[in-house]
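Asks: Input file: upload-v5.cif. Contents: mmCIF, C-alpha atoms.
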```
data_query
loop_
_atom_site.label_atom_id
_atom_site.label_comp_id
_atom_site.auth_asym_id
_atom_site.auth_seq_id
_atom_site.Cartn_x
_atom_site.Cartn_y
_atom_site.Cartn_z
CA MET A 1 181.08 90.75 122.96
CA ALA A 2 179.87 90.36 126.55
CA ASP A 3 178.44 86.95 125.67
CA SER A 4 181.95 85.82 124.70
CA LEU A 5 183.24 86.88 128.14
CA PRO A 6 181.30 84.66 130.54
CA LEU A 7 181.51 85.55 134.21
CA ARG A 8 181.64 82.61 136.57
CA GLY A 9 179.04 82.22 139.28
CA VAL A 10 179.46 81.36 142.94
CA SER A 11 176.65 79.54 144.72
CA LEU A 12 175.57 80.86 148.09
CA SER A 13 175.97 77.31 149.42
CA GLU A 14 179.73 77.65 148.85
CA ILE A 15 180.16 80.82 150.89
CA HIS A 16 180.45 79.09 154.28
CA ALA A 17 183.63 77.34 153.10
CA PHE A 18 185.43 80.59 152.22
CA ASN A 19 187.63 82.64 154.47
CA PRO A 20 187.00 86.40 154.44
CA PRO A 21 189.48 88.35 152.29
CA THR A 22 192.61 89.77 153.87
CA GLN A 23 195.64 91.72 152.69
CA LYS A 24 197.72 89.52 150.41
CA ILE A 25 199.86 91.95 148.41
CA PHE A 26 203.05 93.05 150.18
CA SER A 27 205.66 93.02 147.40
CA GLU A 28 206.13 93.42 143.66
CA GLU A 29 206.27 89.63 143.42
CA ASP A 30 202.81 89.46 145.00
CA VAL A 31 201.49 91.84 142.34
CA GLU A 32 202.81 89.51 139.65
CA SER A 33 201.30 86.52 141.45
CA TRP A 34 197.92 88.25 141.52
CA ARG A 35 197.96 88.52 137.72
CA ASP A 36 197.75 84.73 137.53
CA THR A 37 194.77 84.33 139.87
CA GLN A 38 191.13 83.68 139.19
CA SER A 39 190.22 86.91 140.97
CA TYR A 40 192.33 89.00 138.59
CA GLN A 41 190.66 87.34 135.62
CA ASP A 42 187.23 87.85 137.20
CA LEU A 43 187.86 91.57 137.59
CA ASN A 44 189.08 91.93 134.01
CA VAL A 45 186.09 90.06 132.61
CA PHE A 46 183.66 92.03 134.79
CA LEU A 47 185.05 95.42 133.75
CA ARG A 48 185.01 94.49 130.09
CA ARG A 49 181.43 93.30 130.34
CA LEU A 50 180.44 96.60 131.95
CA ASN A 51 182.27 98.46 129.20
CA GLU A 52 180.49 96.53 126.44
CA ALA A 53 177.12 97.15 128.08
CA VAL A 54 177.37 100.91 127.60
CA VAL A 55 178.81 101.10 124.07
CA GLY A 56 176.69 103.56 122.09
CA ILE A 57 174.55 104.49 125.10
CA HIS A 58 174.43 108.19 125.92
CA MET A 59 173.20 110.08 128.95
CA PRO A 60 170.82 110.96 130.42
CA TRP A 61 169.72 107.35 130.40
CA SER A 62 167.30 105.32 132.46
CA SER A 63 165.67 101.96 132.02
CA GLU A 64 161.96 101.43 132.34
CA SER A 65 162.20 98.97 135.20
CA PRO A 66 165.49 98.76 137.13
CA SER A 67 165.80 95.72 139.34
CA GLN A 68 165.26 95.87 143.07
CA ALA A 69 168.97 95.13 143.53
CA ILE A 70 169.88 98.29 141.59
CA LEU A 71 167.36 100.41 143.48
CA SER A 72 168.62 99.07 146.82
CA MET A 73 172.21 99.94 145.91
CA ILE A 74 171.22 103.47 144.95
CA ALA A 75 169.36 103.82 148.26
CA LEU A 76 172.50 102.72 150.13
CA ILE A 77 174.64 105.33 148.37
CA ASP A 78 171.97 107.97 149.03
CA THR A 79 172.20 107.14 152.73
CA LEU A 80 175.96 107.63 152.71
CA ASP A 81 175.48 110.97 150.97
CA GLU A 82 173.02 112.09 153.64
CA TRP A 83 175.65 111.41 156.30
CA ILE A 84 177.77 114.20 154.83
CA ASP A 85 175.03 116.67 155.76
CA ALA A 86 174.84 115.17 159.24
CA ILE A 87 178.64 115.29 159.70
CA PRO A 88 179.73 118.75 158.50
CA PRO A 89 183.43 119.61 158.14
CA LEU A 90 185.23 120.79 161.26
CA ASP A 91 187.25 123.96 161.58
CA SER A 92 190.57 122.45 160.60
CA PRO A 93 193.90 124.02 159.65
CA GLN A 94 194.96 121.25 157.27
CA ARG A 95 195.04 122.00 153.56
CA PHE A 96 193.98 118.41 152.87
CA GLY A 97 191.96 116.07 155.03
CA ASN A 98 189.24 117.50 157.24
CA LEU A 99 189.04 115.53 160.48
CA ALA A 100 185.27 115.14 160.10
CA PHE A 101 186.00 112.53 157.42
CA ARG A 102 187.17 110.22 160.19
CA HIS A 103 183.83 110.68 161.94
CA TRP A 104 182.12 109.79 158.65
CA GLY A 105 184.37 106.73 158.38
CA ALA A 106 183.67 105.71 161.96
CA ARG A 107 179.95 105.76 161.24
CA LEU A 108 180.52 103.71 158.10
CA GLU A 109 182.35 101.06 160.11
CA GLU A 110 179.77 101.04 162.89
CA GLN A 111 176.80 100.71 160.57
CA SER A 112 178.29 98.70 157.69
CA ASP A 113 176.76 95.39 158.80
CA LEU A 114 173.32 96.99 159.08
CA LEU A 115 173.68 98.76 155.73
CA LEU A 116 174.68 95.57 153.94
CA ALA A 117 171.93 93.58 155.66
CA ARG A 118 169.41 96.11 154.35
CA LEU A 119 170.91 95.88 150.88
CA LEU A 120 170.85 92.09 150.63
CA PRO A 121 168.07 89.52 150.91
CA ALA A 122 168.14 87.36 154.03
CA GLU A 123 169.67 84.39 152.22
CA TYR A 124 172.74 86.51 151.44
CA SER A 125 173.57 87.15 155.11
CA LEU A 126 176.59 84.81 155.03
CA LEU A 127 178.05 86.96 152.25
CA ILE A 128 178.39 90.10 154.37
CA PRO A 129 181.82 89.32 155.94
CA HIS A 130 183.19 88.61 152.46
CA ILE A 131 182.09 91.87 150.84
CA LYS A 132 182.39 94.19 153.84
CA PRO A 133 186.18 94.75 153.43
CA TYR A 134 185.66 95.99 149.85
CA PHE A 135 182.76 98.18 150.92
CA LEU A 136 184.73 99.81 153.73
CA THR A 137 187.67 100.63 151.46
CA SER A 138 185.58 102.06 148.60
CA PHE A 139 185.38 105.67 149.79
CA GLY A 140 188.90 106.60 150.82
CA SER A 141 191.43 106.03 153.58
CA PHE A 142 190.34 107.29 156.98
CA VAL A 143 193.95 107.09 158.17
CA ARG A 144 195.51 109.25 155.46
CA MET A 145 192.24 111.02 154.61
CA ASP A 146 192.77 110.54 150.90
CA TYR A 147 191.04 108.93 147.94
CA GLY A 148 192.42 107.37 144.77
CA THR A 149 192.12 104.73 142.10
CA GLY A 150 192.70 101.91 144.59
CA HIS A 151 189.54 102.88 146.45
CA GLU A 152 187.65 103.08 143.17
CA THR A 153 188.91 99.58 142.35
CA SER A 154 187.66 98.36 145.74
CA PHE A 155 184.17 99.54 144.80
CA ALA A 156 184.42 97.72 141.47
CA MET A 157 185.40 94.54 143.34
CA PHE A 158 182.49 95.06 145.73
CA LEU A 159 180.14 95.11 142.73
CA LEU A 160 182.01 92.13 141.26
CA CYS A 161 181.39 90.03 144.39
CA LEU A 162 177.71 90.87 144.28
CA THR A 163 177.59 89.85 140.62
CA LEU A 164 179.52 86.59 141.10
CA THR A 165 176.91 85.58 143.67
CA ARG A 166 174.14 86.78 141.32
CA PHE A 167 172.71 89.51 143.55
CA PHE A 168 173.27 91.49 140.36
CA VAL A 169 172.48 89.51 137.22
CA PRO A 170 175.26 89.48 134.59
CA GLU A 171 173.00 90.52 131.73
CA VAL A 172 173.38 93.57 129.51
CA GLU A 173 170.51 95.59 130.97
CA GLU A 174 171.67 95.09 134.57
CA GLU A 175 175.32 95.74 133.70
CA ARG A 176 174.29 98.95 131.95
CA GLU A 177 172.47 99.95 135.13
CA LEU A 178 175.59 99.23 137.16
CA VAL A 179 177.58 101.72 135.08
CA LEU A 180 175.12 104.47 134.20
CA ARG A 181 173.13 104.45 137.41
CA VAL A 182 175.17 102.88 140.24
CA PHE A 183 178.71 103.88 139.23
CA VAL A 184 177.68 107.42 138.28
CA ARG A 185 175.92 107.79 141.63
CA TYR A 186 179.05 106.48 143.35
CA LEU A 187 181.17 109.04 141.47
CA ARG A 188 178.97 111.90 142.62
CA LEU A 189 179.18 110.71 146.23
CA CYS A 190 182.99 110.48 146.02
CA TRP A 191 183.22 113.96 144.50
CA ARG A 192 181.21 115.33 147.37
CA LEU A 193 183.37 113.53 149.93
CA GLN A 194 186.47 114.95 148.24
CA ASP A 195 185.09 118.49 148.22
CA VAL A 196 183.49 118.65 151.66
CA TYR A 197 186.28 116.87 153.53
CA ARG A 198 189.10 118.10 151.26
CA LEU A 199 190.48 114.61 150.65
CA GLU A 200 194.01 114.42 149.36
CA PRO A 201 194.59 112.58 146.05
CA ALA A 202 196.04 109.18 146.95
CA GLY A 203 199.28 108.38 145.18
CA SER A 204 198.79 111.10 142.58
CA HIS A 205 201.32 111.30 139.76
CA GLY A 206 200.53 114.99 139.36
CA VAL A 207 200.53 116.23 135.79
CA TRP A 208 201.86 112.85 134.61
CA GLY A 209 198.87 110.90 135.86
CA LEU A 210 195.62 110.40 134.00
CA ASP A 211 193.54 111.74 136.89
CA ASP A 212 194.29 112.41 140.55
CA SER A 213 191.46 110.23 141.82
CA HIS A 214 189.62 108.27 139.12
CA PHE A 215 190.22 105.96 136.19
CA LEU A 216 187.32 103.58 135.50
CA GLY A 217 185.00 106.39 134.42
CA TYR A 218 187.34 107.21 131.55
CA ILE A 219 187.18 103.58 130.41
CA PHE A 220 183.39 103.43 130.56
CA GLY A 221 183.00 106.89 129.03
CA SER A 222 185.29 106.11 126.10
CA GLY A 223 183.32 102.89 125.71
CA GLN A 224 180.13 104.91 125.36
CA LEU A 225 181.75 106.87 122.53
CA ARG A 226 183.62 103.97 120.97
CA ASP A 227 181.52 103.04 117.94
CA GLN A 228 180.58 106.49 116.65
CA ASN A 229 182.42 109.03 114.53
CA GLU A 230 180.43 112.21 115.08
CA ILE A 231 182.25 113.24 118.27
CA GLY A 232 186.01 113.18 117.88
CA VAL A 233 188.54 112.52 120.62
CA SER A 234 189.73 116.12 120.39
CA ALA A 235 186.27 117.35 121.41
CA VAL A 236 187.40 117.26 125.04
CA LEU A 237 189.57 120.30 124.34
CA HIS A 238 186.50 122.50 123.84
CA PRO A 239 184.65 122.84 127.13
CA PRO A 240 182.06 123.22 128.43
CA LEU A 241 181.16 119.63 127.51
CA PRO A 242 177.65 118.19 127.71
CA PRO A 243 177.15 115.46 130.35
CA THR A 244 176.29 112.87 127.70
CA ASN A 245 178.96 110.39 128.78
CA ILE A 246 181.12 109.69 131.80
CA TYR A 247 184.34 110.73 130.03
CA PHE A 248 182.99 114.25 129.50
CA MET A 249 181.72 114.34 133.09
CA LEU A 250 185.20 113.60 134.41
CA ILE A 251 186.82 116.18 132.14
CA MET A 252 184.42 118.85 133.41
CA ARG A 253 185.12 117.73 136.95
CA ILE A 254 188.81 118.47 136.33
CA HIS A 255 187.94 121.96 135.16
CA GLU A 256 186.03 122.48 138.41
CA VAL A 257 188.90 121.60 140.72
CA LYS A 258 192.06 122.53 138.83
CA HIS A 259 193.48 125.86 137.78
CA GLY A 260 195.52 126.68 134.70
CA PRO A 261 195.71 125.45 131.10
CA PHE A 262 194.42 121.94 130.52
CA HIS A 263 197.58 120.80 128.73
CA GLU A 264 199.64 121.74 131.79
CA HIS A 265 197.66 120.15 134.64
CA SER A 266 196.28 117.18 132.65
CA SER A 267 199.01 116.36 130.16
CA GLN A 268 198.05 112.70 129.73
CA LEU A 269 194.44 113.52 128.88
CA TYR A 270 195.64 116.29 126.58
CA SER A 271 198.02 113.89 124.83
CA ILE A 272 195.15 111.47 124.29
CA ALA A 273 192.99 114.25 122.86
CA VAL A 274 195.60 115.38 120.32
CA GLY A 275 197.33 112.09 119.58
CA VAL A 276 194.83 109.24 119.53
CA PRO A 277 192.66 109.17 116.41
CA THR A 278 189.61 107.17 117.51
CA TRP A 279 187.62 106.43 120.63
CA ALA A 280 188.13 102.72 119.96
CA LYS A 281 191.87 103.18 120.39
CA VAL A 282 191.29 105.32 123.48
CA ASN A 283 189.09 102.64 125.00
CA SER A 284 191.49 99.75 124.35
CA GLY A 285 194.48 101.83 125.42
CA LEU A 286 192.85 102.82 128.69
CA PHE A 287 192.25 99.17 129.57
CA LYS A 288 195.96 98.49 129.06
CA MET A 289 196.91 101.57 131.04
CA TYR A 290 194.56 100.57 133.88
CA GLU A 291 196.19 97.16 134.14
CA ALA A 292 199.67 98.68 134.11
CA GLU A 293 199.21 101.84 136.18
CA VAL A 294 196.51 100.76 138.65
CA LEU A 295 196.28 96.98 138.93
CA GLY A 296 200.01 96.62 138.29
CA LYS A 297 201.18 99.07 140.98
CA ARG A 298 201.83 97.68 144.46
CA VAL A 299 201.26 101.03 146.17
CA VAL A 300 197.77 101.13 144.65
CA VAL A 301 196.55 97.56 145.12
CA GLN A 302 198.36 96.54 148.31
CA HIS A 303 195.39 97.65 150.42
CA ILE A 304 192.83 95.63 148.44
CA PRO A 305 191.88 92.46 150.35
CA LEU A 306 191.88 89.17 148.47
CA GLY A 307 191.07 85.53 149.11
CA GLY A 308 187.95 83.43 149.49
CA LEU A 309 185.28 84.64 147.10
CA LEU A 310 187.99 86.34 145.04
CA PRO A 311 190.69 83.64 145.22
CA TRP A 312 194.34 84.33 145.89
CA CYS A 313 196.90 82.21 144.04
CA ASP A 314 194.35 79.65 142.87
CA GLU A 315 193.23 78.76 146.37
CA SER A 316 190.10 76.73 146.88
CA PRO A 317 187.97 76.11 150.01
CA GLY A 318 189.29 72.55 150.26
CA GLY A 319 192.90 73.64 150.13
CA THR A 320 193.51 72.16 146.68
CA THR A 321 194.50 73.96 143.55
CA GLN A 322 191.51 75.47 141.81
CA ALA A 323 191.35 75.08 138.05
CA ARG A 324 191.28 78.33 136.13
CA THR A 325 189.70 79.08 132.83
CA GLU A 326 192.39 80.64 130.69
CA PRO A 327 191.40 84.18 129.74
CA SER A 328 191.14 85.12 126.11
CA GLU A 329 194.05 86.95 124.52
CA ASP A 330 192.21 90.26 124.48
CA ILE A 331 191.95 90.18 128.27
CA VAL A 332 195.55 89.33 129.10
CA SER A 333 197.98 92.21 128.89
CA SER A 334 201.72 91.90 128.99
CA SER A 335 203.10 92.24 132.49
CA SER A 336 205.96 94.22 131.03
CA MET A 337 203.66 96.99 129.76
CA SER A 338 204.34 100.11 131.77
CA GLN A 339 202.37 102.71 129.88
CA ALA A 340 199.52 103.14 127.46
CA PRO A 341 200.24 103.44 123.74
CA TRP A 342 199.88 107.21 123.84
CA ALA A 343 202.02 107.77 126.95
CA GLN A 344 204.95 109.10 124.96
CA THR A 345 205.44 112.77 124.40
CA ALA A 346 205.34 112.55 120.61
CA ALA A 347 202.08 111.04 119.44
CA ASN A 348 203.30 110.98 115.85
CA ARG A 349 205.73 108.19 116.78
CA PHE A 350 202.70 105.96 116.45
CA GLY A 351 201.66 107.43 113.12
CA TYR A 352 199.18 109.86 114.65
CA HIS A 353 199.06 113.56 113.97
CA SER A 354 197.99 116.45 116.11
CA ILE A 355 194.53 117.85 115.57
CA ASN A 356 194.01 120.57 113.04
CA PRO A 357 193.79 123.83 115.00
CA ASN A 358 191.55 125.23 112.28
CA ALA A 359 189.05 122.40 112.46
CA PRO A 360 185.47 123.43 113.32
CA LEU A 361 184.59 123.35 116.99
CA PRO A 362 181.95 121.02 118.40
CA SER A 363 178.42 122.33 118.29
CA TRP A 364 178.23 122.80 122.07
CA SER A 365 181.42 124.86 122.29
CA THR A 366 181.87 128.58 121.82
CA GLY A 367 185.63 128.13 121.65
CA LEU A 368 186.16 130.96 124.14
CA GLN A 369 188.24 130.50 127.26
CA SER A 370 185.82 132.71 129.16
CA THR A 371 183.10 130.09 128.83
CA MET A 372 185.04 127.37 130.67
CA MET A 373 183.76 126.31 134.05
CA LEU A 374 185.94 128.14 136.51
CA PRO A 375 187.44 126.02 139.30
CA ARG A 376 186.08 126.51 142.75
CA PRO A 377 188.75 128.25 144.85
CA ARG A 378 190.11 126.29 147.76
CA THR A 379 191.11 128.07 150.90
CA VAL A 380 194.55 127.20 152.21
CA PRO A 381 194.57 127.87 155.99
CA ALA A 382 197.68 128.90 157.84
CA PRO A 383 199.77 126.06 159.32
CA SER A 384 198.94 124.95 162.82
CA SER A 385 200.44 122.61 165.36
CA SER A 386 197.09 121.35 166.66
CA GLN A 387 196.93 117.58 167.06
CA ASP A 388 194.38 115.20 165.66
CA SER A 389 191.88 114.28 168.34
CA MET A 390 189.86 111.79 166.31
CA PRO A 391 191.58 108.43 165.74
CA PRO A 392 190.84 106.74 162.43
CA PRO A 393 188.36 103.83 162.31
CA LEU A 394 189.99 100.49 163.00
CA SER A 395 189.07 99.08 159.60
CA SER A 396 191.13 101.79 157.92
CA MET A 397 194.25 100.76 159.81
CA ARG A 398 194.21 97.12 158.83
CA GLY A 399 196.85 96.61 156.19
CA HIS A 400 197.13 100.32 155.47
CA CYS A 401 200.78 100.83 156.22
CA ARG A 402 202.29 103.52 154.08
CA ASP A 403 205.61 102.59 152.50
CA PRO A 404 207.98 105.21 153.96
CA THR A 405 210.23 104.97 150.93
CA ASP A 406 207.45 105.60 148.44
CA PRO A 407 206.05 109.14 148.16
CA THR A 408 202.87 107.87 146.49
CA GLY A 409 202.02 105.38 149.24
#
```
Could I get this structure in the form of structure tokens?
Replies:
Amino acid sequence: MADSLPLRGVSLSEIHAFNPPTQKIFSEEDVESWRDTQSYQDLNVFLRRLNEAVVGIHMPWSSESPSQAILSMIALIDTLDEWIDAIPPLDSPQRFGNLAFRHWGARLEEQSDLLLARLLPAEYSLLIPHIKPYFLTSFGSFVRMDYGTGHETSFAMFLLCLTLTRFFVPEVEEERELVLRVFVRYLRLCWRLQDVYRLEPAGSHGVWGLDDSHFLGYIFGSGQLRDQNEIGVSAVLHPPLPPTNIYFMLIMRIHEVKHGPFHEHSSQLYSIAVGVPTWAKVNSGLFKMYEAEVLGKRVVVQHIPLGGLLPWCDESPGGTTQARTEPSEDIVSSSSMSQAPWAQTAANRFGYHSINPNAPLPSWSTGLQSTMMLPRPRTVPAPSSSQDSMPPPLSSMRGHCRDPTDPTG
């Protein structure tokens, strides 16, 4: 299917005519305008190509000869991970947001040009100002000291820019590497940042959200499981789960950091497990939910810079209207969609039935609650009136104005 979803290319000779991306989304009308842009289509096509590249591929997985571009990206993420050891958490009274995260962010801003110059060949040097804003917003907000699906989307757009300019080649093997090697490595870095610096979930919907921090991994993971029938959707209810796909990895991550019954703290994921009959329906439904609940929410995407390489409102370097290729019907989702097909409390409204409680358990599961991975306890220090002495990096403050009327901002 990836061959039927061509991804446009951008020549390096065109880069000098682009303006670097800036904040463009300030209102609900801007969100709707974004849906009609080339950049929105590019992101949809890119994510669907990545999804198709991993269908039927299980983990652990590694290719015989990853490209130098993939290896360089992994080395960059490894460097960022090493900084966590060099910048340990401070003694801080806050329940969420250790102030050392702002030191980590300050180093990221200071060294971002050097890091990206090491990542890219010399001929890509003009690209750095155009991808740097996405890179800097991929790991959380250094103002609010939180992390959420908007930051994850920034990382996806960072990879998209590098693919549009053909630093990464849009071929199945490379796209598979981007998911199973680069994105998984990114996830592990973000989990460590969240744990060490106690980052607050950004804009969490609590028990009504899919996940406090992540979304794309559920899409890719359900894609891995899409075309098989041996592992049912309800298998996620029987931890511990083997790390054979990203969906299972994320479910086990939830068990590490959350207390209580799964159906109480992760009701959306539970509803999917008991109400959606096939992984194909899970995969397609998650794409629709991502467009509605992530890309369609102003409070999530308002901080994502746009323009230039990822055009805003059909702009072009010459100031004329840029022609768009109309996306295929399976890419465009209705702007009126507000929830995934399973996001109603009664799954049988859609003709689905709950799982049989007497069905045999998966081969990896003992079925005993005592075998579940217990969450790591988090210490909640006593309140304190001490003031923050470390200002956030400047890049984190650009366009990051929390909406005072919106509790998820």
Asks: Identify all residues satisfying the PyMOL selection byres ((chain A and resi 43) around 12) in the given file; provide them as an mmCIF file with C-alpha atoms, keeping the file's coordinate frame.
Replies:
```cif
data_model
loop_
_atom_site.group_PDB
_atom_site.id
_atom_site.type_symbol
_atom_site.label_atom_id
_atom_site.label_comp_id
_atom_site.auth_asym_id
_atom_site.auth_seq_id
_atom_site.Cartn_x
_atom_site.Cartn_y
_atom_site.Cartn_z
ATOM 1 C CA LEU A 5 183.240 86.880 128.140
ATOM 2 C CA PRO A 6 181.300 84.660 130.540
ATOM 3 C CA LEU A 7 181.510 85.550 134.210
ATOM 4 C CA ARG A 8 181.640 82.610 136.570
ATOM 5 C CA TRP A 34 197.920 88.250 141.520
ATOM 6 C CA ARG A 35 197.960 88.520 137.720
ATOM 7 C CA THR A 37 194.770 84.330 139.870
ATOM 8 C CA GLN A 38 191.130 83.680 139.190
ATOM 9 C CA SER A 39 190.220 86.910 140.970
ATOM 10 C CA TYR A 40 192.330 89.000 138.590
ATOM 11 C CA GLN A 41 190.660 87.340 135.620
ATOM 12 C CA ASP A 42 187.230 87.850 137.200
ATOM 13 C CA ASN A 44 189.080 91.930 134.010
ATOM 14 C CA VAL A 45 186.090 90.060 132.610
ATOM 15 C CA PHE A 46 183.660 92.030 134.790
ATOM 16 C CA LEU A 47 185.050 95.420 133.750
ATOM 17 C CA ARG A 48 185.010 94.490 130.090
ATOM 18 C CA ARG A 49 181.430 93.300 130.340
ATOM 19 C CA LEU A 50 180.440 96.600 131.950
ATOM 20 C CA THR A 153 188.910 99.580 142.350
ATOM 21 C CA SER A 154 187.660 98.360 145.740
ATOM 22 C CA PHE A 155 184.170 99.540 144.800
ATOM 23 C CA ALA A 156 184.420 97.720 141.470
ATOM 24 C CA MET A 157 185.400 94.540 143.340
ATOM 25 C CA PHE A 158 182.490 95.060 145.730
ATOM 26 C CA LEU A 159 180.140 95.110 142.730
ATOM 27 C CA LEU A 160 182.010 92.130 141.260
ATOM 28 C CA CYS A 161 181.390 90.030 144.390
ATOM 29 C CA THR A 163 177.590 89.850 140.620
ATOM 30 C CA LEU A 164 179.520 86.590 141.100
ATOM 31 C CA PHE A 287 192.250 99.170 129.570
ATOM 32 C CA TYR A 290 194.560 100.570 133.880
ATOM 33 C CA GLU A 291 196.190 97.160 134.140
ATOM 34 C CA LEU A 295 196.280 96.980 138.930
ATOM 35 C CA LEU A 306 191.880 89.170 148.470
ATOM 36 C CA LEU A 310 187.990 86.340 145.040
ATOM 37 C CA PRO A 311 190.690 83.640 145.220
ATOM 38 C CA PRO A 327 191.400 84.180 129.740
ATOM 39 C CA ILE A 331 191.950 90.180 128.270
ATOM 40 C CA VAL A 332 195.550 89.330 129.100
#
```
Asks: Separation of atom CA of Arg253 of chain A and atom CA of Pro201 of chain A, in Å?
Replies: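 About the pair atom CA of Arg253 of chain A and atom CA of Pro201 of chain A: they are 14.1 Å apart.
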Asks: Name the residues captured by the PyMOL selection byres ((chain A and resi 198) around 9) when it is applied to the shown file; answer as a ChimeraX atom specification.
Replies: /A:94-98,101,145-146,193-197,199-200,378
Asks: To one decimal in Å, tell me the separation between atom CA of His214 of chain A and atom CA of Gly148 of chain A.
Replies: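 According to the coordinates, atom CA of His214 of chain A and atom CA of Gly148 of chain A are separated by 6.4 Å.
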Asks: Contacts of Leu136 of chain A at 9 Å or less, counting only C-alpha atoms, minus same-chain residues fewer than 2 places along, as a CSV table (one decimal) with C-alpha atoms, keeping the file's coordinate frame?
Replies:
```
chain,number,residue,atom,x,y,z
A,105,GLY,CA,184.4,106.7,158.4
A,108,LEU,CA,180.5,103.7,158.1
A,109,GLU,CA,182.4,101.1,160.1
A,112,SER,CA,178.3,98.7,157.7
A,131,ILE,CA,182.1,91.9,150.8
A,132,LYS,CA,182.4,94.2,153.8
A,133,PRO,CA,186.2,94.8,153.4
A,134,TYR,CA,185.7,96.0,149.8
A,138,SER,CA,185.6,102.1,148.6
A,139,PHE,CA,185.4,105.7,149.8
A,140,GLY,CA,188.9,106.6,150.8
A,154,SER,CA,187.7,98.4,145.7
A,155,PHE,CA,184.2,99.5,144.8
A,395,SER,CA,189.1,99.1,159.6
A,396,SER,CA,191.1,101.8,157.9
```
Asks: Got a sec: who's within 10 Å of segment 222-237 of chain A, counting all atoms listed in the file, leaving out chain neighbours fewer than 2 positions off, as a ChimeraX atom specification?
Replies: /A:48,50-59,216-220,239-241,244-248,251-252,262-263,269-284,286,354-356,361-365,367
Asks: Give me, please, the distance in Å between atom CA of Arg102 of chain A and atom CA of Ala202 of chain A, quoted to one decimal.
Replies: 16.0 Å
Asks: Under the PyMOL selection byres ((chain A and resi 62) around 8), which residues of this model are included? Write them out as a list in words.
Replies: Pro60, Trp61, Ser63, Glu64, Glu177 and Arg181 of chain A
Asks: I want to know what sits within 10 Å of segment 69-71 of chain A, based on all atoms listed in the file, with residues of the same chain fewer than 6 positions away left out; could you give that as a PyMOL selection string?
Replies: chain A and resi 119-121+162+167-169+174-175+177-178+181-182
Asks: For each of A:Leu180, A:Ala292, A:Leu114, A:Leu127, take the minimum atom-to-atom distance to Pro21 of chain A, counting all atoms listed in the file, then give the residue where this is smallest.
Replies: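 With all atoms listed in the file as the atom set, the closest residue is A:Leu127.
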Asks: For Asn19 of chain A, which residue among A:Ile128, A:Val172, A:Val184, A:Val257 is the nearest when counting all atoms listed in the file?
Replies: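 Ranking A:Ile128, A:Val172, A:Val184, A:Val257 by distance to Asn19 of chain A, first place goes to A:Ile128.
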Asks: My list of candidates is A:Met73, A:Val31, A:Asp78, A:Val143. Which is closest to Arg118 of chain A when distances are computed with only C-alpha atoms?
Replies: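 Nearest to Arg118 of chain A: A:Met73.
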Asks: Between A:Ile304, A:Ala17, A:Val299, A:Met249, which one has atoms that come closest to Trp191 of chain A, using all atoms listed in the file?
Replies: A:Met249
Asks: The residues within 6 Å of (188.8, 81.0, 151.2), using all atoms listed in the file and the coordinates of the file, should be reported as a list in words; which are they?
Replies: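 The answer, in the requested form, is Phe18, Asn19, Gly307, Gly308 and Pro317 of chain A.
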Asks: Check the smallest atom-to-atom distance from each of A:His265, A:Glu82, A:Glu152, A:Glu32 to Trp312 of chain A using all atoms listed in the file, then report the winner.
Replies: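 So, comparing all the options, the nearest one is A:Glu32.
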